[in-house]
Amino acid sequence: MVTIWQHVPTLSTTRHERAKKVLSNAKLRLLRPKQCLYLSQTQRTFITRAKLAAMFRHTKAVLEKLRHVRLKCRQLPQRQRSTAAKEKALHYNAGQQIHSFTVKEVVAVPDLFLTAVKLTHDKTGAQYLHAARDDPNNLFSVQFRTTPMDSTGVPHILEHTVLCGSKKYPCRDPFFKMLNRSLSTFMNAFTASDYTMYPFSTQNEKDFQNLLSVYLDAVFFPCLREQDFWQEGWRLENENPTDASSPLVFKGVVFNEMKGAFSDNESVYGQHLQNKLYPDHTYSVVSGGEPLAIPDLTWEQLKQFHATHYHPSNARFFTYGDLPLEQHLKQIDVEALSKFDRIDPNTQIPPQPHWTSPREDHVTCSPDPMAPDPSRQNTLCVSYMLGDITDTFEAFTLSLLSSLMTSGPNAPFYKALIEPKIGTDFSSVVGYDGSTKEASFSIGLQGMAEADSEKVKNIIHQTICDIVLKGFEDERIEALLHKLEIQMKHQSTNFGLSLASYIASLWNHDGDPVELLQINNSVTKFRQALKENPRFLQDKVQHYFKENTHRLTLSMSPDDSYLENQARAEKEKLQEKISALSDGDKKEIYEKGLQLLDAQSKTQDASCLPALKVSDIAPTIPITPVLMSSAEGVPVQFCEQPTNGLVYFRAMCSLNTLPEDLKLYVPLFCSVVTKMGCGSLDYRQQAQQMELRTGGMSVSPQVISDCSSLEMFEQVSALQALNLTICDVYTACLSKGVLLSSSCLDRNVPHMFQLWRDIFNSPHFDDEERLRVLVMMSAQELSNGISYSGHMYAVTRASRHLTPAGDLHETFDGMEQVRFMKRIAEMSDLTQVIRMLPRIKKHVLNPDNMRCAINATPQQVSESAAHVESFMKDVAAKRKHFKAVRPNIIQRPLDVLSDSGPSRKLVNDPDFQPCYMKTFFQLPFPVNFVSESVRTVPYNHEHYASLCVLARMMTAKFLHGEIREKGGAYGGGAKMGGGVFSFYSYRDPNSVQTLSAFRRGVEWAKLGQFSQQDIDEAKLSVFSSVDSPVAPSSKGLSVFLSGLTDEMKQRHRERLFAVTHANLLDAAERYLCAGHKTCGVAILGPENDCIKKDPSWVVK
Ligand SMILES: [Zn+2]
């Protein structure tokens, strides 16, 4: 039920990222400061394990020296920083006054390696929390309690509009302009059900001050011009604004964004559930805006809402990182807070009165053509209202309890609801949700038949009774606490942001955020409670579930006329508005439309905004030292990192020997191979062991294009730990295979390898019932993901015929895979599929086709090396040799400095013929996802950097204005990756018109009417992603995965700096112009007459 609308869509690159995002909504991710070792690449040597430890010591000593040399000659813009921000913060005292704030509390939180300082602003009562931590990725966030009482979307439209210009920064759209004037690692704004939050993060001190100034002015002194309201909220306008006779239609960014959000059945269901479970106050309305209610909002109401809600007395400030607190306080007081007096914001949410008897309700949604079984598209779930989330320990207990009840194949609800295959998966809303004042717990199914409703209700009731009776096994409770320990130790790259969202809801209702951070206190208290009362958890289940009368059973079924009804209702609303207009009004609308178009088309003066300069960017990258070794002939890469006591193991398995007919099955193989049991463990025991001993074990398909040639790629499959970011991979080269990943606490390394050993040597594939459950869940997840990542499916499809890598990408991750999984899920007999799995296993889990990587602390590296070696010895005993099916295999050394060392095998496809193809997927969405992809050059090519800068510049200076501002889409732009330049739009009311916007973008670029400032801004924007922080667990991965070395990155970096006006013109002319380019086009969207009539389109 976490319904949050964000200002800029997070454009995830793959469906795996979507799954990760869903996970991270609920969980806390942790991070320790990164320590960049300036070690030299030349020190990388190919050695045996025995020499490893000594080697590292030696390397470090040599490079200690080198570091100083480097720093001297490079003059890196280094900031003088205290190495112990958290220690320094401990010196503050309660009662101390700092820049008009008073310190209330100072607390060391050793679990998270930080010191929390709580303050209040004397004059306004604004609340402040600072988390001092030795992490350079500093974060700022300000949140307001926003409690709308209607569904016009006023907090959401306000969130958009305040970012359109402010007193000190009156230019249009400073938010989007700052994206290109800063090295921010994160910028966005969120509207939740009861708060609105504005966070940013950056590693650069000057940048922090710049962004803080822009954010403060935006939220406290926005212009809120009528024109901004029209553009971002809603307006009536001629369909073609320059043609007064064209029909009037609704337009507006939020209007379209919400139409898109309401096309996603999962969000629709979550929204209804929340509205109906808390029917008496702000949770009964849609804070993002219901498409048909949005046109009831007036500009006056918007300004009023700002005056009453965006006030310091209703604000909570959060800062995080290693920058000094005093500077933040001073700037916030001087630039904003000192200009206000205290008010009583009166925004508290009253408790939801408890129902005396349970309720039932029903809603409808649009049918899903990609759903595995069209006759089973119902959702049913029971939602229970729990206690107030400000009771930290109770909330902690209930969220643990929720995991015990629902998560993994050993959970009672998994056994009772998922395994009998009554539905395809749990309902989209499942488990504990603490995003409202009173928490909730939900349990139910999606993808079920309507006839099974009573059965499902009975099972839910019966399961709760069983839990009250039997409780949980101790080992499962231990496994869960172990998981929590790993989560606290695992370091993510955006820890500040995770903290901000972790504390947001509780703090919003005046709970104590510091108490929430002291997770170990809760763990201790929890263990104590269990000891004192063995029925502690059962009593909770009795109280909160069995005896709880405040529960809602909500069912949802598809309605064939759903979209039609919605379209009709929109038409009626439109007619109602139009019929109230006089001729004079219509004339005014036309003129206002022209004015807006005029304002949007004007070259804008952004000189009032602060900006970093290209010279503020570090000229060189810190080198990540890795060491190559081998175990039983299998290459092993070691990367010493401050991983906080965790060991990360990955293996890349090439698919070069895999027969063609098995290719489509690879993603399925990956998703089931760690979930069906292995060795002496059945799948339940295996899941239990993984939870008890590891931070997760996973396998995922990979396609990685080569850095040097678009015809070459590697096919790999990877064993991999959870929580990975391998962003580099998508921008560089191509190979195919599977990536295996896992992580564990250092004490569990032998257990982790034992599990992999069993998976390699004796995986279980023969349990058809288990496979069916996994297939159904996977097909359902793919189908649900389309409306969320539609632009990625469009880009993938458009790139399909451009490179061999693109083709494989479509097979593994595109619409072809979605349809394939749908077919498998519909099969009544899976024996044929089961026969494929061991065949794939023979090729994939084969030491001949493998390479491994370990990231760990120096102490753990040599110990892990011993375990890798013995693991390899055990699996190599069963090694088989296969001939590559592809005739053209090229070997590339893994260590660039040693040609004789181990290599990766790339597939070369010199006969590949790129071709032009336009594909349309008709889907039941009210909005489109449009993409055009153009074949360009690989990473190592001299023009690659120009194309990267060009993509950013076209996005910021042309496409954003055309596609989002004028076109009304939620997002749109261009990006460069894997040798392909792609245009895309996200949740777009237009389809083929957007293709012409892409073309106009190219014309615009060719005209060359952009300034040096525009180029510099585009470079800043490219560098803010090139230099985005990499977690210790992922350091050294780009060279491991794709052979992308630090030298290549440095050369690319130098080329980026060197890009000139002439280079950009040349790149646009050479690669993007009609006649010169090889491109592909794809659109996902609703029925489209224009495309139907045009025979050049392939309609799917
Ligand atoms: Zn929005």
# chains A, B, ... in the order shown; residues from 1 in each chain; ligands from 1
$ residues_near_ligand --ligand "ligand 1" --cutoff "8 Å" --atoms "only C-alpha atoms and all ligand atoms" --output "PyMOL selection string"
chain A and resi 5-9+156-157+159-160+190-191+253-254+257-258+288+970
$ write_last_selection --atoms "N, CA, C and O atoms" --output "CSV table (one decimal), in the first residue's frame"
chain,number,residue,atom,x,y,z
A,5,TRP,N,4.0,9.1,-5.1
A,5,TRP,CA,4.2,9.6,-6.4
A,5,TRP,C,5.4,10.5,-6.4
A,5,TRP,O,5.6,11.3,-5.5
A,6,GLN,N,6.3,10.2,-7.4
A,6,GLN,CA,7.5,11.0,-7.4
A,6,GLN,C,7.6,11.9,-8.6
A,6,GLN,O,6.9,11.7,-9.6
A,7,HIS,N,8.4,13.0,-8.4
A,7,HIS,CA,8.4,14.1,-9.4
A,7,HIS,C,8.9,13.6,-10.7
A,7,HIS,O,8.4,13.9,-11.8
A,8,VAL,N,10.0,12.9,-10.7
A,8,VAL,CA,10.6,12.4,-11.9
A,8,VAL,C,10.5,10.8,-11.8
A,8,VAL,O,10.8,10.3,-10.8
A,9,PRO,N,10.1,10.2,-12.9
A,9,PRO,CA,10.0,8.7,-12.8
A,9,PRO,C,11.4,8.1,-12.7
A,9,PRO,O,12.3,8.6,-13.3
A,156,HIS,N,0.0,16.6,-4.5
A,156,HIS,CA,0.8,16.1,-5.6
A,156,HIS,C,1.1,17.2,-6.7
A,156,HIS,O,2.2,17.4,-7.1
A,157,ILE,N,0.0,17.9,-7.0
A,157,ILE,CA,0.2,19.0,-8.0
A,157,ILE,C,1.1,20.1,-7.4
A,157,ILE,O,1.9,20.7,-8.0
A,159,GLU,N,3.4,19.6,-5.1
A,159,GLU,CA,4.8,19.1,-5.2
A,159,GLU,C,5.4,19.4,-6.5
A,159,GLU,O,6.6,19.8,-6.6
A,160,HIS,N,4.7,19.2,-7.6
A,160,HIS,CA,5.2,19.5,-8.9
A,160,HIS,C,5.4,21.0,-9.1
A,160,HIS,O,6.4,21.5,-9.7
A,190,PHE,N,8.7,13.5,-3.5
A,190,PHE,CA,7.7,12.5,-3.4
A,190,PHE,C,6.5,13.0,-2.7
A,190,PHE,O,6.5,13.7,-1.7
A,191,THR,N,5.3,12.5,-3.2
A,191,THR,CA,4.1,12.8,-2.5
A,191,THR,C,3.6,11.4,-2.0
A,191,THR,O,3.3,10.5,-2.8
A,253,VAL,N,0.7,17.5,-16.7
A,253,VAL,CA,1.6,16.5,-16.4
A,253,VAL,C,1.0,15.5,-15.3
A,253,VAL,O,1.0,14.3,-15.5
A,254,VAL,N,0.5,16.1,-14.2
A,254,VAL,CA,0.0,15.2,-13.2
A,254,VAL,C,-1.3,14.4,-13.7
A,254,VAL,O,-1.5,13.3,-13.4
A,257,GLU,N,0.1,11.7,-15.6
A,257,GLU,CA,0.8,10.8,-14.7
A,257,GLU,C,-0.2,9.9,-14.0
A,257,GLU,O,0.0,8.6,-13.9
A,258,MET,N,-1.2,10.5,-13.5
A,258,MET,CA,-2.2,9.7,-12.7
A,258,MET,C,-3.0,8.7,-13.6
A,258,MET,O,-3.4,7.7,-13.1
A,288,GLY,N,-2.4,11.5,-4.7
A,288,GLY,CA,-1.8,11.8,-6.0
A,288,GLY,C,-2.8,12.4,-7.0
A,288,GLY,O,-2.4,13.0,-7.9
A,970,TYR,N,4.8,11.8,-18.8
A,970,TYR,CA,5.5,11.8,-17.4
A,970,TYR,C,7.0,12.0,-17.6
A,970,TYR,O,7.6,12.6,-16.8
$ select_by_dssp --residues "stretch 524-632 of chain A" --states "alpha helix (DSSP H)" --output "JSON, numbers by chain"
{"A": [524, 525, 526, 527, 528, 529, 530, 531, 532, 536, 537, 538, 539, 540, 541, 562, 563, 564, 565, 566, 567, 568, 569, 570, 571, 572, 573, 574, 575, 576, 577, 578, 579, 583, 584, 585, 586, 587, 588, 589, 590, 591, 592, 593, 594, 595, 596, 597, 598, 599, 600, 601]}
$ write_last_selection --atoms "N, CA and C atoms" --output "compact mmCIF listing (two decimals), in the first residue's frame"
# COMPACT_ATOMS: atom_id res chain seq x y z
N THR A 524 16.95 -6.80 21.09
CA THR A 524 17.16 -7.27 22.46
C THR A 524 15.83 -7.41 23.19
N LYS A 525 15.00 -6.40 23.05
CA LYS A 525 13.70 -6.42 23.72
C LYS A 525 12.84 -7.58 23.21
N PHE A 526 12.97 -7.82 21.90
CA PHE A 526 12.21 -8.89 21.26
C PHE A 526 12.63 -10.26 21.82
N ARG A 527 13.95 -10.47 21.90
CA ARG A 527 14.43 -11.75 22.44
C ARG A 527 13.96 -11.94 23.88
N GLN A 528 14.01 -10.85 24.65
CA GLN A 528 13.58 -10.89 26.04
C GLN A 528 12.10 -11.27 26.15
N ALA A 529 11.30 -10.64 25.30
CA ALA A 529 9.85 -10.90 25.33
C ALA A 529 9.56 -12.36 25.00
N LEU A 530 10.32 -12.92 24.04
CA LEU A 530 10.13 -14.32 23.66
C LEU A 530 10.51 -15.26 24.81
N LYS A 531 11.56 -14.83 25.53
CA LYS A 531 12.04 -15.66 26.63
C LYS A 531 11.01 -15.69 27.76
N GLU A 532 10.46 -14.51 28.04
CA GLU A 532 9.50 -14.42 29.15
C GLU A 532 8.18 -15.09 28.82
N PHE A 536 4.51 -15.36 23.08
CA PHE A 536 4.49 -13.92 22.77
C PHE A 536 3.93 -13.62 21.38
N LEU A 537 4.47 -14.33 20.35
CA LEU A 537 4.01 -14.06 18.98
C LEU A 537 2.59 -14.58 18.74
N GLN A 538 2.31 -15.75 19.31
CA GLN A 538 0.96 -16.29 19.13
C GLN A 538 -0.10 -15.37 19.72
N ASP A 539 0.23 -14.79 20.90
CA ASP A 539 -0.73 -13.86 21.53
C ASP A 539 -0.98 -12.65 20.63
N LYS A 540 0.09 -12.19 19.96
CA LYS A 540 -0.08 -11.05 19.05
C LYS A 540 -1.01 -11.44 17.89
N VAL A 541 -0.81 -12.63 17.36
CA VAL A 541 -1.65 -13.07 16.24
C VAL A 541 -3.11 -13.18 16.69
N TYR A 562 -14.06 -1.77 -18.60
CA TYR A 562 -13.43 -0.86 -17.63
C TYR A 562 -12.82 0.38 -18.29
N LEU A 563 -11.97 0.13 -19.31
CA LEU A 563 -11.28 1.25 -19.96
C LEU A 563 -12.29 2.13 -20.70
N GLU A 564 -13.23 1.45 -21.34
CA GLU A 564 -14.28 2.16 -22.06
C GLU A 564 -15.05 3.08 -21.11
N ASN A 565 -15.43 2.53 -19.95
CA ASN A 565 -16.16 3.32 -18.96
C ASN A 565 -15.34 4.51 -18.49
N GLN A 566 -14.06 4.25 -18.29
CA GLN A 566 -13.20 5.34 -17.84
C GLN A 566 -13.11 6.43 -18.89
N ALA A 567 -12.94 5.99 -20.15
CA ALA A 567 -12.85 6.96 -21.24
C ALA A 567 -14.16 7.74 -21.34
N ARG A 568 -15.29 7.04 -21.16
CA ARG A 568 -16.58 7.72 -21.25
C ARG A 568 -16.72 8.74 -20.12
N ALA A 569 -16.36 8.32 -18.92
CA ALA A 569 -16.45 9.23 -17.77
C ALA A 569 -15.59 10.47 -18.00
N GLU A 570 -14.41 10.26 -18.60
CA GLU A 570 -13.55 11.40 -18.87
C GLU A 570 -14.21 12.32 -19.90
N LYS A 571 -14.82 11.71 -20.90
CA LYS A 571 -15.49 12.49 -21.93
C LYS A 571 -16.64 13.31 -21.32
N GLU A 572 -17.39 12.67 -20.43
CA GLU A 572 -18.51 13.37 -19.79
C GLU A 572 -18.02 14.55 -18.96
N LYS A 573 -16.95 14.28 -18.23
CA LYS A 573 -16.37 15.35 -17.41
C LYS A 573 -15.95 16.52 -18.31
N LEU A 574 -15.35 16.16 -19.44
CA LEU A 574 -14.89 17.15 -20.40
C LEU A 574 -16.07 17.95 -20.94
N GLN A 575 -17.13 17.23 -21.32
CA GLN A 575 -18.33 17.88 -21.85
C GLN A 575 -18.92 18.84 -20.83
N GLU A 576 -18.96 18.36 -19.58
CA GLU A 576 -19.51 19.18 -18.49
C GLU A 576 -18.74 20.49 -18.39
N LYS A 577 -17.41 20.39 -18.48
CA LYS A 577 -16.58 21.60 -18.39
C LYS A 577 -16.81 22.49 -19.60
N ILE A 578 -16.86 21.86 -20.80
CA ILE A 578 -16.95 22.65 -22.03
C ILE A 578 -18.30 23.35 -22.14
N SER A 579 -19.36 22.63 -21.73
CA SER A 579 -20.69 23.23 -21.90
C SER A 579 -20.87 24.45 -21.00
N ASP A 583 -18.33 31.65 -25.45
CA ASP A 583 -17.40 31.83 -26.57
C ASP A 583 -16.16 32.59 -26.13
N GLY A 584 -16.41 33.55 -25.24
CA GLY A 584 -15.29 34.34 -24.70
C GLY A 584 -14.31 33.46 -23.94
N ASP A 585 -14.87 32.55 -23.13
CA ASP A 585 -14.02 31.63 -22.38
C ASP A 585 -13.15 30.81 -23.32
N LYS A 586 -13.79 30.33 -24.40
CA LYS A 586 -13.06 29.46 -25.33
C LYS A 586 -11.92 30.23 -26.00
N LYS A 587 -12.22 31.48 -26.31
CA LYS A 587 -11.19 32.32 -26.93
C LYS A 587 -10.02 32.48 -25.94
N GLU A 588 -10.40 32.68 -24.68
CA GLU A 588 -9.37 32.87 -23.66
C GLU A 588 -8.51 31.61 -23.50
N ILE A 589 -9.18 30.45 -23.54
CA ILE A 589 -8.45 29.19 -23.44
C ILE A 589 -7.44 29.05 -24.57
N TYR A 590 -7.91 29.42 -25.78
CA TYR A 590 -7.01 29.33 -26.94
C TYR A 590 -5.80 30.25 -26.74
N GLU A 591 -6.09 31.47 -26.26
CA GLU A 591 -4.98 32.43 -26.08
C GLU A 591 -4.02 31.98 -24.97
N LYS A 592 -4.61 31.48 -23.90
CA LYS A 592 -3.74 30.98 -22.81
C LYS A 592 -2.89 29.81 -23.29
N GLY A 593 -3.48 28.96 -24.13
CA GLY A 593 -2.74 27.82 -24.70
C GLY A 593 -1.55 28.31 -25.49
N LEU A 594 -1.79 29.36 -26.29
CA LEU A 594 -0.69 29.92 -27.09
C LEU A 594 0.38 30.53 -26.19
N GLN A 595 -0.09 31.21 -25.12
CA GLN A 595 0.89 31.82 -24.20
C GLN A 595 1.77 30.76 -23.56
N LEU A 596 1.13 29.65 -23.16
CA LEU A 596 1.90 28.59 -22.50
C LEU A 596 2.91 27.99 -23.48
N LEU A 597 2.43 27.75 -24.71
CA LEU A 597 3.31 27.20 -25.74
C LEU A 597 4.48 28.15 -25.97
N ASP A 598 4.16 29.43 -25.99
CA ASP A 598 5.17 30.45 -26.22
C ASP A 598 6.21 30.41 -25.08
N ALA A 599 5.70 30.36 -23.84
CA ALA A 599 6.60 30.32 -22.68
C ALA A 599 7.47 29.07 -22.72
N GLN A 600 6.85 27.95 -23.12
CA GLN A 600 7.60 26.68 -23.16
C GLN A 600 8.65 26.69 -24.27
N SER A 601 8.39 27.47 -25.32
CA SER A 601 9.31 27.44 -26.46
C SER A 601 10.44 28.46 -26.33
$ closest_residue --among "A:Val106, A:Ala449, A:Leu516, A:Ala126" --to "A:Ser557" --atoms "only C-alpha atoms"
A:Ala449
$ closest_residue --among "A:Pro372, A:Lys88, A:Gln686, A:Pro1086" --to "A:Ser778" --atoms "only C-alpha atoms"
A:Pro372
$ residues_around --residues "A:Asp1066" --least-positions-apart "2" --cutoff "10 Å" --atoms "only C-alpha atoms" --output "PDB file with N, CA, C and O atoms, in the first residue's frame"
ATOM      1  N   HIS A 943      33.918   8.270 -30.821  1.00  0.00           N
ATOM      2  CA  HIS A 943      32.710   9.105 -30.844  1.00  0.00           C
ATOM      3  C   HIS A 943      31.715   8.773 -29.741  1.00  0.00           C
ATOM      4  O   HIS A 943      30.681   9.421 -29.621  1.00  0.00           O
ATOM      5  N   SER A 946      30.951  11.655 -27.294  1.00  0.00           N
ATOM      6  CA  SER A 946      30.118  12.710 -27.875  1.00  0.00           C
ATOM      7  C   SER A 946      28.653  12.310 -27.860  1.00  0.00           C
ATOM      8  O   SER A 946      27.772  13.127 -27.581  1.00  0.00           O
ATOM      9  N   LEU A 947      28.400  11.028 -28.176  1.00  0.00           N
ATOM     10  CA  LEU A 947      27.010  10.569 -28.204  1.00  0.00           C
ATOM     11  C   LEU A 947      26.390  10.590 -26.805  1.00  0.00           C
ATOM     12  O   LEU A 947      25.204  10.902 -26.650  1.00  0.00           O
ATOM     13  N   ALA A1005      19.519  19.387 -32.926  1.00  0.00           N
ATOM     14  CA  ALA A1005      20.944  19.151 -32.633  1.00  0.00           C
ATOM     15  C   ALA A1005      21.804  19.550 -33.831  1.00  0.00           C
ATOM     16  O   ALA A1005      22.863  20.156 -33.687  1.00  0.00           O
ATOM     17  N   LYS A1006      21.316  19.227 -35.044  1.00  0.00           N
ATOM     18  CA  LYS A1006      22.091  19.525 -36.253  1.00  0.00           C
ATOM     19  C   LYS A1006      22.242  21.028 -36.484  1.00  0.00           C
ATOM     20  O   LYS A1006      23.233  21.481 -37.054  1.00  0.00           O
ATOM     21  N   GLY A1008      22.717  23.156 -34.282  1.00  0.00           N
ATOM     22  CA  GLY A1008      23.846  23.584 -33.458  1.00  0.00           C
ATOM     23  C   GLY A1008      23.614  24.875 -32.686  1.00  0.00           C
ATOM     24  O   GLY A1008      24.568  25.538 -32.280  1.00  0.00           O
ATOM     25  N   THR A1060      33.497  18.749 -27.880  1.00  0.00           N
ATOM     26  CA  THR A1060      33.290  20.153 -28.278  1.00  0.00           C
ATOM     27  C   THR A1060      31.974  20.304 -29.037  1.00  0.00           C
ATOM     28  O   THR A1060      31.334  19.310 -29.413  1.00  0.00           O
ATOM     29  N   HIS A1061      31.630  21.546 -29.300  1.00  0.00           N
ATOM     30  CA  HIS A1061      30.460  21.891 -30.100  1.00  0.00           C
ATOM     31  C   HIS A1061      30.511  21.164 -31.451  1.00  0.00           C
ATOM     32  O   HIS A1061      29.533  20.536 -31.877  1.00  0.00           O
ATOM     33  N   ALA A1062      31.672  21.218 -32.079  1.00  0.00           N
ATOM     34  CA  ALA A1062      31.822  20.584 -33.397  1.00  0.00           C
ATOM     35  C   ALA A1062      31.640  19.067 -33.314  1.00  0.00           C
ATOM     36  O   ALA A1062      31.010  18.462 -34.187  1.00  0.00           O
ATOM     37  N   ASN A1063      32.133  18.450 -32.256  1.00  0.00           N
ATOM     38  CA  ASN A1063      31.978  16.995 -32.083  1.00  0.00           C
ATOM     39  C   ASN A1063      30.495  16.616 -32.013  1.00  0.00           C
ATOM     40  O   ASN A1063      30.077  15.592 -32.553  1.00  0.00           O
ATOM     41  N   LEU A1064      29.735  17.466 -31.319  1.00  0.00           N
ATOM     42  CA  LEU A1064      28.315  17.153 -31.133  1.00  0.00           C
ATOM     43  C   LEU A1064      27.562  17.264 -32.459  1.00  0.00           C
ATOM     44  O   LEU A1064      26.742  16.411 -32.793  1.00  0.00           O
ATOM     45  N   ALA A1068      25.703  14.107 -34.314  1.00  0.00           N
ATOM     46  CA  ALA A1068      24.288  14.149 -34.711  1.00  0.00           C
ATOM     47  C   ALA A1068      24.158  13.865 -36.204  1.00  0.00           C
ATOM     48  O   ALA A1068      23.311  13.085 -36.637  1.00  0.00           O
ATOM     49  N   GLU A1069      25.021  14.492 -36.979  1.00  0.00           N
ATOM     50  CA  GLU A1069      24.988  14.347 -38.439  1.00  0.00           C
ATOM     51  C   GLU A1069      25.343  12.914 -38.847  1.00  0.00           C
ATOM     52  O   GLU A1069      24.654  12.271 -39.624  1.00  0.00           O
ATOM     53  N   ARG A1070      26.401  12.405 -38.259  1.00  0.00           N
ATOM     54  CA  ARG A1070      26.954  11.128 -38.666  1.00  0.00           C
ATOM     55  C   ARG A1070      26.066   9.941 -38.261  1.00  0.00           C
ATOM     56  O   ARG A1070      25.936   8.986 -39.005  1.00  0.00           O
ATOM     57  N   TYR A1071      25.478  10.020 -37.056  1.00  0.00           N
ATOM     58  CA  TYR A1071      24.780   8.831 -36.559  1.00  0.00           C
ATOM     59  C   TYR A1071      23.253   8.935 -36.523  1.00  0.00           C
ATOM     60  O   TYR A1071      22.570   7.937 -36.602  1.00  0.00           O
ATOM     61  N   LEU A1072      22.738  10.153 -36.322  1.00  0.00           N
ATOM     62  CA  LEU A1072      21.307  10.239 -36.050  1.00  0.00           C
ATOM     63  C   LEU A1072      20.473  10.702 -37.237  1.00  0.00           C
ATOM     64  O   LEU A1072      19.249  10.691 -37.180  1.00  0.00           O
TER      65      LEU A1072
END
$ select_by_dssp --residues "stretch 325-441 of chain A" --states "strand (DSSP E or B)" --output "ChimeraX atom specification"
/A:359-365,378-388,425-426,431-433,438-441
